[in-house]
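To be precise, the following lines are upload-v8.txt, and they hold compact mmCIF, C-alpha atoms.
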# COMPACT_ATOMS: atom_id res chain seq x y z
CA MET A 1 46.94 144.01 120.28
CA PRO A 2 47.93 140.33 120.16
CA THR A 3 45.80 138.30 122.50
CA ASP A 4 47.41 134.90 122.13
CA PRO A 5 50.96 134.10 123.19
CA ARG A 6 53.22 134.40 120.17
CA THR A 7 56.19 132.16 119.84
CA PRO A 8 58.80 134.10 117.86
CA GLU A 9 61.61 131.89 116.71
CA PRO A 10 65.17 133.17 116.44
CA LEU A 11 66.39 133.54 112.89
CA SER A 12 68.81 130.75 112.07
CA LEU A 13 69.99 128.62 109.22
CA THR A 14 67.32 126.00 109.96
CA THR A 15 64.63 128.60 109.28
CA PHE A 16 65.80 128.43 105.69
CA THR A 17 66.88 124.80 105.32
CA GLN A 18 63.94 123.07 107.01
CA GLY A 19 61.76 123.64 103.96
CA ILE A 20 64.35 122.24 101.60
CA TRP A 21 65.14 118.95 103.22
CA LYS A 22 63.75 118.06 106.64
CA GLU A 23 60.22 119.34 106.07
CA ASN A 24 60.16 119.24 102.28
CA PRO A 25 56.53 120.02 101.41
CA VAL A 26 56.28 117.36 98.73
CA PHE A 27 58.47 114.45 99.74
CA VAL A 28 58.01 114.63 103.51
CA MET A 29 54.68 116.36 104.15
CA LEU A 30 52.93 115.21 100.94
CA LEU A 31 51.19 118.57 100.53
CA GLY A 32 50.23 120.37 97.35
CA LEU A 33 50.43 117.27 95.22
CA CYS A 34 48.07 118.41 92.47
CA PRO A 35 50.50 120.77 90.67
CA VAL A 36 53.40 118.46 91.47
CA LEU A 37 51.90 115.73 89.34
CA ALA A 38 49.94 117.74 86.80
CA VAL A 39 52.52 120.10 85.30
CA THR A 40 55.77 118.16 85.65
CA ASN A 41 55.78 116.42 82.27
CA THR A 42 58.72 118.60 81.21
CA ALA A 43 61.47 120.22 83.29
CA THR A 44 60.67 123.69 81.88
CA ASN A 45 57.06 123.53 83.05
CA ALA A 46 58.19 122.24 86.42
CA LEU A 47 60.62 125.14 86.85
CA ALA A 48 58.01 127.73 85.83
CA MET A 49 55.47 126.28 88.23
CA GLY A 50 58.03 126.13 91.03
CA LEU A 51 59.06 129.76 90.55
CA ALA A 52 55.44 130.94 90.39
CA THR A 53 54.59 129.10 93.60
CA THR A 54 57.73 130.41 95.31
CA PHE A 55 56.82 133.98 94.38
CA VAL A 56 53.28 133.62 95.74
CA MET A 57 54.61 131.98 98.89
CA LEU A 58 57.14 134.79 99.48
CA CYS A 59 54.71 137.66 98.90
CA SER A 60 51.83 136.14 100.86
CA GLY A 61 54.22 135.15 103.67
CA VAL A 62 55.51 138.71 104.00
CA LEU A 63 52.06 140.30 103.81
CA VAL A 64 50.47 137.87 106.26
CA SER A 65 53.37 138.46 108.64
CA LEU A 66 53.00 142.24 108.31
CA LEU A 67 49.28 142.06 108.97
CA ARG A 68 49.47 139.40 111.66
CA LYS A 69 48.41 141.81 114.42
CA VAL A 70 45.64 143.40 112.36
CA ILE A 71 43.77 140.35 111.08
CA PRO A 72 41.09 139.16 113.55
CA LYS A 73 41.58 135.56 114.56
CA GLN A 74 38.06 134.42 113.59
CA VAL A 75 38.32 135.34 109.92
CA ARG A 76 42.03 134.72 109.41
CA ILE A 77 41.70 131.80 106.98
CA ALA A 78 39.43 133.83 104.69
CA CYS A 79 41.88 136.76 104.85
CA TYR A 80 44.84 134.51 104.00
CA ILE A 81 42.95 133.04 101.05
CA ILE A 82 42.13 136.49 99.69
CA ILE A 83 45.78 137.60 100.06
CA ILE A 84 46.99 134.47 98.28
CA ALA A 85 44.39 134.82 95.53
CA THR A 86 45.52 138.40 94.88
CA PHE A 87 49.14 137.39 94.36
CA VAL A 88 48.13 134.41 92.22
CA THR A 89 46.16 136.75 89.95
CA ILE A 90 49.28 138.94 89.62
CA VAL A 91 51.43 135.91 88.76
CA ASP A 92 48.85 134.69 86.27
CA TYR A 93 48.87 137.96 84.35
CA ALA A 94 52.68 138.27 84.64
CA ILE A 95 53.29 134.84 83.10
CA GLN A 96 50.80 135.64 80.35
CA ALA A 97 52.84 138.75 79.57
CA ILE A 98 56.26 137.06 79.74
CA SER A 99 55.63 133.82 77.87
CA LEU A 100 52.36 132.84 76.26
CA ASP A 101 53.68 129.32 75.55
CA VAL A 102 54.34 128.59 79.21
CA HIS A 103 50.96 130.07 80.13
CA ARG A 104 49.27 127.75 77.63
CA ALA A 105 51.19 124.71 78.88
CA LEU A 106 50.37 125.35 82.54
CA GLY A 107 46.77 126.35 81.80
CA ALA A 108 44.42 126.59 84.75
CA PHE A 109 47.07 125.22 87.08
CA ILE A 110 48.56 128.67 87.64
CA GLN A 111 45.25 129.82 89.08
CA LEU A 112 44.99 126.61 91.06
CA ILE A 113 48.04 127.71 93.09
CA VAL A 114 45.37 129.32 95.29
CA ALA A 115 44.22 125.89 96.41
CA ASN A 116 47.79 124.73 97.09
CA CYS A 117 47.71 123.77 100.74
CA VAL A 118 51.46 124.34 101.21
CA ILE A 119 50.99 128.11 100.90
CA LEU A 120 47.98 128.30 103.21
CA GLY A 121 49.76 125.95 105.60
CA ARG A 122 52.82 128.23 105.74
CA ALA A 123 50.65 131.32 106.27
CA GLU A 124 48.74 129.67 109.09
CA SER A 125 51.55 127.85 110.87
CA TYR A 126 54.53 130.17 110.36
CA ALA A 127 53.92 133.63 108.89
CA SER A 128 51.05 134.43 111.27
CA LYS A 129 53.31 133.88 114.29
CA ASN A 130 56.72 135.21 113.24
CA ALA A 131 58.47 138.41 112.26
CA VAL A 132 58.61 139.54 108.64
CA ILE A 133 62.25 138.57 108.04
CA ASN A 134 61.79 135.10 109.49
CA SER A 135 58.69 134.54 107.39
CA PHE A 136 60.50 135.70 104.27
CA VAL A 137 63.44 133.35 104.85
CA ASN A 138 61.18 130.46 105.77
CA ALA A 139 58.94 130.95 102.73
CA LEU A 140 62.04 131.15 100.53
CA GLY A 141 63.26 127.82 101.90
CA MET A 142 59.87 126.20 101.38
CA GLY A 143 59.69 127.60 97.87
CA VAL A 144 63.15 126.27 97.02
CA GLY A 145 62.18 122.88 98.48
CA PHE A 146 58.97 122.83 96.45
CA THR A 147 60.78 123.82 93.24
CA PHE A 148 63.43 121.17 93.95
CA ALA A 149 60.74 118.50 94.27
CA LEU A 150 59.01 119.64 91.07
CA LEU A 151 62.34 119.53 89.22
CA CYS A 152 63.06 116.02 90.56
CA LEU A 153 59.87 114.84 88.90
CA GLY A 154 60.08 117.03 85.81
CA VAL A 155 63.64 116.00 84.90
CA VAL A 156 62.93 112.26 85.20
CA ARG A 157 59.68 112.50 83.26
CA GLU A 158 61.13 114.64 80.47
CA ILE A 159 64.22 112.44 79.99
CA PHE A 160 62.20 109.23 79.73
CA GLY A 161 59.05 110.62 78.13
CA PHE A 162 60.59 112.83 75.45
CA GLY A 163 64.33 112.06 75.48
CA THR A 164 65.10 115.73 76.10
CA LEU A 165 66.09 117.96 79.02
CA PHE A 166 64.86 121.59 79.10
CA GLY A 167 64.10 121.10 75.39
CA PHE A 168 67.62 119.94 74.40
CA GLU A 169 68.00 116.60 72.63
CA LEU A 170 69.81 114.12 74.89
CA PHE A 171 69.90 110.91 72.89
CA GLY A 172 70.43 110.03 69.24
CA ALA A 173 67.70 109.83 66.63
CA ASN A 174 67.03 106.20 67.46
CA PHE A 175 65.68 106.97 70.94
CA GLN A 176 62.22 105.54 71.44
CA PRO A 177 60.30 107.79 73.89
CA TRP A 178 58.85 105.97 76.87
CA ALA A 179 55.50 107.66 76.42
CA VAL A 180 53.90 106.58 79.69
CA PHE A 181 56.21 108.90 81.66
CA ALA A 182 54.84 111.96 79.89
CA LEU A 183 51.24 110.84 80.49
CA PRO A 184 49.30 111.09 83.79
CA PRO A 185 50.21 107.61 85.16
CA GLY A 186 53.90 108.48 84.84
CA GLY A 187 53.46 111.27 87.39
CA PHE A 188 52.11 108.85 89.99
CA PHE A 189 54.82 106.28 89.28
CA VAL A 190 57.75 108.73 89.39
CA LEU A 191 56.58 110.32 92.66
CA ALA A 192 56.05 106.86 94.16
CA GLY A 193 59.55 105.94 92.98
CA TRP A 194 61.14 108.98 94.69
CA LEU A 195 59.25 108.30 97.92
CA PHE A 196 60.38 104.68 97.77
CA LEU A 197 64.00 105.76 97.26
CA PHE A 198 63.91 108.20 100.20
CA ALA A 199 62.24 105.62 102.45
CA TYR A 200 64.94 103.12 101.50
CA PHE A 201 67.77 105.52 102.41
CA ARG A 202 66.07 106.47 105.67
CA LYS A 203 65.71 102.81 106.64
CA ARG A 204 69.38 102.18 105.86
CA ARG A 205 70.54 105.19 107.88
CA GLU A 206 68.39 104.17 110.84
CA ALA A 207 69.81 100.67 110.63
CA SER A 208 73.41 101.95 110.65
CA HIS A 209 72.62 104.33 113.57
CA ALA A 210 71.17 101.45 115.53
CA LYS A 211 74.32 99.40 115.01
CA GLU A 212 76.87 102.07 116.07
CA PRO A 213 76.36 101.97 119.86
CA HIS A 214 77.22 98.27 119.88
CA VAL A 215 80.55 98.95 118.15
CA ALA A 216 81.44 101.71 120.61
CA MET B 1 28.95 112.65 69.29
CA SER B 2 29.74 116.31 69.00
CA PRO B 3 32.08 117.72 71.66
CA ASP B 4 29.35 120.13 72.77
CA SER B 5 26.71 117.48 73.47
CA HIS B 6 25.75 116.96 77.11
CA THR B 7 26.48 113.22 77.00
CA PHE B 8 29.99 113.86 75.75
CA ILE B 9 30.71 116.52 78.37
CA PHE B 10 29.45 114.16 81.07
CA LEU B 11 31.48 111.18 79.81
CA ASN B 12 34.54 113.35 79.32
CA ALA B 13 34.55 114.55 82.92
CA PHE B 14 33.46 111.16 84.28
CA LEU B 15 35.84 108.75 82.54
CA ILE B 16 38.08 110.11 79.77
CA ASN B 17 39.53 113.10 81.62
CA ASN B 18 38.74 111.88 85.11
CA PHE B 19 39.43 114.74 87.52
CA VAL B 20 41.53 112.69 89.90
CA LEU B 21 43.30 110.18 87.68
CA ALA B 22 43.95 112.22 84.54
CA MET B 23 43.92 115.84 85.72
CA PHE B 24 45.35 115.33 89.24
CA LEU B 25 42.74 117.49 90.95
CA GLY B 26 41.61 116.75 94.49
CA LEU B 27 44.49 114.44 95.34
CA CYS B 28 44.54 115.31 99.05
CA PRO B 29 41.13 113.76 99.84
CA PHE B 30 41.87 111.03 97.29
CA LEU B 31 44.88 109.89 99.32
CA GLY B 32 43.48 110.89 102.70
CA VAL B 33 39.89 109.63 102.75
CA SER B 34 40.26 106.47 100.69
CA GLY B 35 40.86 104.12 103.61
CA LYS B 36 37.34 102.68 103.76
CA VAL B 37 34.73 102.23 101.03
CA LYS B 38 31.93 103.60 103.22
CA THR B 39 33.60 106.93 104.02
CA ALA B 40 34.85 107.21 100.45
CA TRP B 41 31.28 106.89 99.20
CA ASN B 42 29.95 109.55 101.60
CA MET B 43 32.79 111.91 100.74
CA GLY B 44 32.01 111.41 97.05
CA LEU B 45 28.35 112.31 97.56
CA ALA B 46 29.27 115.47 99.46
CA VAL B 47 31.67 116.51 96.71
CA ILE B 48 29.05 115.96 93.98
CA PHE B 49 26.65 118.18 95.90
CA VAL B 50 29.15 120.99 96.51
CA MET B 51 30.31 120.78 92.89
CA LEU B 52 26.78 121.26 91.58
CA VAL B 53 26.14 124.22 93.89
CA SER B 54 29.45 125.97 93.25
CA SER B 55 29.22 125.34 89.50
CA VAL B 56 25.89 127.15 89.35
CA CYS B 57 27.22 129.99 91.55
CA ALA B 58 30.39 130.33 89.46
CA TYR B 59 28.29 130.49 86.28
CA VAL B 60 26.19 133.36 87.62
CA ILE B 61 29.22 135.21 89.08
CA ASN B 62 31.14 134.93 85.82
CA HIS B 63 28.22 136.48 83.92
CA LEU B 64 28.11 139.41 86.33
CA LEU B 65 31.88 139.93 86.15
CA VAL B 66 31.96 139.84 82.35
CA ARG B 67 29.08 142.28 82.24
CA TYR B 68 30.88 144.82 84.41
CA GLN B 69 34.30 144.01 82.86
CA LEU B 70 35.87 142.84 86.10
CA GLU B 71 37.39 139.57 84.85
CA PHE B 72 40.60 140.08 86.84
CA LEU B 73 38.58 139.57 90.03
CA ARG B 74 37.42 136.14 88.85
CA LEU B 75 39.78 134.04 90.95
CA ILE B 76 39.15 135.95 94.17
CA CYS B 77 35.38 135.80 93.65
CA TYR B 78 35.40 132.08 92.88
CA ILE B 79 37.37 131.17 95.97
CA ALA B 80 35.11 133.31 98.15
CA VAL B 81 31.99 131.81 96.56
CA ILE B 82 33.21 128.25 97.07
CA ALA B 83 34.06 128.89 100.70
CA SER B 84 30.63 130.35 101.37
CA ALA B 85 28.87 127.63 99.33
CA VAL B 86 30.51 124.97 101.48
CA GLN B 87 29.51 126.88 104.60
CA LEU B 88 25.90 127.15 103.36
CA VAL B 89 25.74 123.49 102.42
CA GLU B 90 27.06 122.59 105.84
CA MET B 91 24.39 124.67 107.59
CA PHE B 92 21.68 123.33 105.28
CA VAL B 93 22.61 119.69 105.85
CA LYS B 94 22.91 120.25 109.60
CA LYS B 95 19.42 121.75 109.75
CA PHE B 96 17.53 119.36 107.50
CA SER B 97 19.36 116.08 107.89
CA PRO B 98 21.35 115.76 111.13
CA ALA B 99 21.96 112.08 110.38
CA LEU B 100 23.75 112.84 107.12
CA PHE B 101 25.65 115.65 108.84
CA ARG B 102 27.00 113.22 111.43
CA VAL B 103 28.08 110.75 108.75
CA LEU B 104 29.98 113.38 106.75
CA GLY B 105 31.57 114.99 109.80
CA ILE B 106 34.84 116.81 109.23
CA PHE B 107 34.90 116.03 105.49
CA LEU B 108 32.27 118.65 104.76
CA PRO B 109 34.28 121.78 105.72
CA LEU B 110 37.44 120.26 104.25
CA ILE B 111 35.88 120.36 100.78
CA THR B 112 36.72 124.09 100.66
CA THR B 113 40.40 123.32 100.15
CA ASN B 114 39.66 120.73 97.48
CA CYS B 115 41.22 122.02 94.29
CA ALA B 116 38.85 119.88 92.19
CA ILE B 117 36.03 122.33 93.02
CA LEU B 118 38.02 125.43 92.06
CA GLY B 119 39.36 123.59 89.01
CA LEU B 120 35.81 122.79 87.92
CA ALA B 121 34.78 126.45 88.14
CA LEU B 122 37.88 127.57 86.20
CA PHE B 123 37.54 124.94 83.47
CA GLN B 124 33.87 125.62 82.81
CA THR B 125 34.73 129.31 82.40
CA ASN B 126 37.68 128.60 80.09
CA ARG B 127 35.54 126.36 77.89
CA ASP B 128 32.56 128.74 77.72
CA TYR B 129 29.96 126.18 78.74
CA ASN B 130 26.33 127.29 78.86
CA PHE B 131 24.15 126.65 81.89
CA THR B 132 23.01 123.08 81.18
CA GLN B 133 26.47 122.12 79.96
CA CYS B 134 27.83 123.38 83.29
CA LEU B 135 25.42 121.09 85.12
CA ALA B 136 26.42 118.07 83.00
CA PHE B 137 30.12 118.91 83.50
CA SER B 138 29.91 119.32 87.26
CA PHE B 139 27.82 116.17 87.69
CA GLY B 140 30.26 114.19 85.55
CA ALA B 141 33.26 115.52 87.44
CA GLY B 142 31.67 114.74 90.81
CA ALA B 143 30.66 111.24 89.71
CA GLY B 144 34.18 110.66 88.36
CA PHE B 145 35.69 111.79 91.66
CA THR B 146 33.40 109.41 93.55
CA LEU B 147 34.23 106.54 91.21
CA ALA B 148 37.98 107.02 91.62
CA LEU B 149 37.67 107.37 95.40
CA VAL B 150 35.54 104.24 95.81
CA LEU B 151 37.77 102.14 93.51
CA MET B 152 40.85 103.27 95.43
CA ALA B 153 39.23 102.53 98.79
CA GLY B 154 38.25 99.03 97.61
CA LEU B 155 41.82 98.30 96.55
CA ARG B 156 43.26 99.64 99.80
CA GLU B 157 40.88 97.55 101.90
CA LYS B 158 42.18 94.45 100.12
CA LEU B 159 45.79 95.56 100.58
CA GLU B 160 45.38 95.61 104.37
CA LEU B 161 45.82 91.85 104.26
CA ALA B 162 48.61 91.80 101.68
CA ASP B 163 52.22 91.11 102.58
CA ILE B 164 54.27 94.10 101.40
CA PRO B 165 57.92 95.04 102.00
CA ASP B 166 58.18 97.53 104.87
CA THR B 167 60.24 100.06 102.88
CA VAL B 168 57.15 100.77 100.84
CA THR B 169 55.52 103.46 102.96
CA GLN B 170 51.77 104.04 102.95
CA ALA B 171 52.02 107.05 100.64
CA ALA B 172 54.32 105.39 98.08
CA LEU B 173 52.04 102.36 97.95
CA SER B 174 48.90 104.49 97.46
CA LEU B 175 50.60 106.44 94.67
CA MET B 176 51.61 103.20 92.95
CA ILE B 177 48.01 101.97 93.00
CA ALA B 178 46.80 105.36 91.81
CA GLY B 179 49.26 105.12 88.91
CA MET B 180 47.89 101.73 87.90
CA LEU B 181 44.29 102.97 88.17
CA SER B 182 45.29 105.94 86.04
CA LEU B 183 46.78 103.59 83.42
CA THR B 184 43.50 101.67 83.32
CA PHE B 185 41.51 104.86 82.89
CA MET B 186 43.66 105.80 79.90
CA GLY B 187 41.88 102.95 78.13
CA PHE B 188 38.81 105.18 78.00
CA ALA B 189 40.61 107.70 75.78
CA GLY B 190 38.88 107.79 72.43
CA LEU B 191 35.54 106.85 73.94
CA GLY B 192 32.86 108.96 72.31
CA GLY B 193 35.22 109.94 69.50
Can the structure from this file be put into structure tokens for me?
Amino acid sequence: MPTDPRTPEPLSLTTFTQGIWKENPVFVMLLGLCPVLAVTNTATNALAMGLATTFVMLCSGVLVSLLRKVIPKQVRIACYIIIIATFVTIVDYAIQAISLDVHRALGAFIQLIVANCVILGRAESYASKNAVINSFVNALGMGVGFTFALLCLGVVREIFGFGTLFGFELFGANFQPWAVFALPPGGFFVLAGWLFLFAYFRKRREASHAKEPHVA
Amino acid sequence: MSPDSHTFIFLNAFLINNFVLAMFLGLCPFLGVSGKVKTAWNMGLAVIFVMLVSSVCAYVINHLLVRYQLEFLRLICYIAVIASAVQLVEMFVKKFSPALFRVLGIFLPLITTNCAILGLALFQTNRDYNFTQCLAFSFGAGAGFTLALVLMAGLREKLELADIPDTVTQAALSLMIAGMLSLTFMGFAGLGG
């Protein structure tokens, strides 16, 4: 029996889109930054990581939502962590079976999805309060948003750091790789650059909104 | 120095492959708690302590799991062990040193979600460290975390007075500084051969 007042939200398009743009976990909420910076040196790794995280987010979202009336409130965080850890173990073994190269490139970071606060945050703030379908759609949106952010970083870093995109040669033989983008500092710089770009556009839009009433 | 020696393992975790600046582990507290040098220092000490405890626990657990051929349960066990280790440490500190408990405050329970701790446990298992090597590794990683946190906090304290363009949000600015710190730490590559 639920003891606390639940606030079920109606299923709408925003359930899906809020994770992609308005509440993007990486660019807006700055959550789960460790994998974002660590495995985005190539676009392929970024995509694999994004898909793995999306899968875990979907499965744990659905299961948490299904069990939301069964799990006692006092031990809910521990329960969520165990659910997430189970799905991460599944993903870890699945990737190992599908592509050993990707598994080697991502290393321990697949298992570190457990400690990704985006997933736990979704379980706690959305899936534990909403119906299964809503949680599924919301987790899908968040996953897409997360993958989008990873790709934003991965594409930039691979083009500059290796001169390739998804492994395909982009420039001629004379291209001199800008090595720093493939190395750890590049991750910090590229993410800072994206944040700077978004902040710049937001400032400009706010400025134009502020001007409009005077014209009208 | 051979790669198995304790000094090398310590230096490797401390400077060359610094957990925060080269491996990107524990970024949330790195960006969140690095506002003041004093809190950064206390947070660092708490992390060193939890790292040592959970490293020892993870070592024992891994031995048990390998013995009973239950390796697929490793991740679930580690995360449960870390959560309870943090809880234990919190109770211990509260009982024996209330003053320290007050200073650490909310940062103590938050260490559970620090991926540097879980990362440490996973890496020491992947690299097959023995018991004393585990201790050297976890102490180096904790010290490296503290070093990065304190350096960052020092820089941010100075930046309070700096004149910066207002488009540069707090987060973007912190990431820029972190990038520069990370560049500096790359100079340690090759140390110890």
Dump as a Markdown table the rows for residues of chain A within 6 Å of chain B: closest atom pair and distance in Å with one decimal, all atoms listed in the file counted, ordered by chain and rising residue number.
| residue | atom | partner | partner_atom | distance |
| --- | --- | --- | --- | --- |
| A:Cys34 | CA | B:Phe24 | CA | 5.2 |
| A:Ala38 | CA | B:Phe24 | CA | 5.7 |
| A:Ala85 | CA | B:Ile76 | CA | 5.5 |
| A:Ala115 | CA | B:Cys115 | CA | 5.3 |
| A:Pro184 | CA | B:Ala22 | CA | 5.5 |
| A:Pro185 | CA | B:Gly179 | CA | 4.6 |
| A:Phe188 | CA | B:Gly179 | CA | 4.8 |
| A:Phe189 | CA | B:Gly179 | CA | 5.7 |
| A:Ala192 | CA | B:Ala172 | CA | 4.5 |
| A:Leu195 | CA | B:Ala172 | CA | 5.7 |
| A:Phe196 | CA | B:Val168 | CA | 5.9 |
| A:Ala199 | CA | B:Thr167 | CA | 5.9 |
| A:Tyr200 | CA | B:Thr167 | CA | 5.8 |
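All residues that come within 10 Å of the coordinates (42.0, 108.5, 101.4), counting only C-alpha atoms, are given as B:Leu27, B:Cys28, B:Pro29, B:Phe30, B:Leu31, B:Gly32, B:Val33, B:Ser34, B:Gly35, B:Lys36, B:Val37, B:Thr39, B:Ala40, B:Met43, B:Leu149, B:Val150, B:Met152, B:Ala153, B:Arg156, B:Ser174.
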### Message
as a list in words, please: the residues near Ala182 of chain A (cut-off 12 Å, all atoms listed in the file, same-chain neighbours under 3 positions excluded).
### Response
Leu37, Ala38, Val39, Thr40, Asn41, Thr42, Ala43, Leu153, Gly154, Val155, Val156, Arg157, Glu158, Ile159, Phe160, Gly161, Phe162, Gly163, Thr164, Pro177, Trp178, Ala179, Pro185, Gly186, Gly187, Phe188, Phe189 and Val190 of chain A; Ala22 of chain B
Taking all atoms of segment 129-141 of chain A that appear in the file, build a box with edges along x, y and z, extend it by 8 Å on every side, and state its centre and edge lengths in Å to one decimal, as JSON.
{"center_x": 58.4, "center_y": 133.7, "center_z": 107.4, "size_x": 26.1, "size_y": 27.7, "size_z": 29.8}
### Length of the atom CA of Val50 of chain B to atom CA of Ile77 of chain A vector [Å]
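Between atom CA of Val50 of chain B and atom CA of Ile77 of chain A the gap is 19.6 Å.
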### Task
Within 12 Å of Gln124 of chain B, counting only C-alpha atoms, which residues show up once you throw out same-chain ones fewer than 4 positions away? Write them as a ChimeraX atom specification, please.
/A:108 /B:9,13,51,54-60,62,117-120,128-138,141
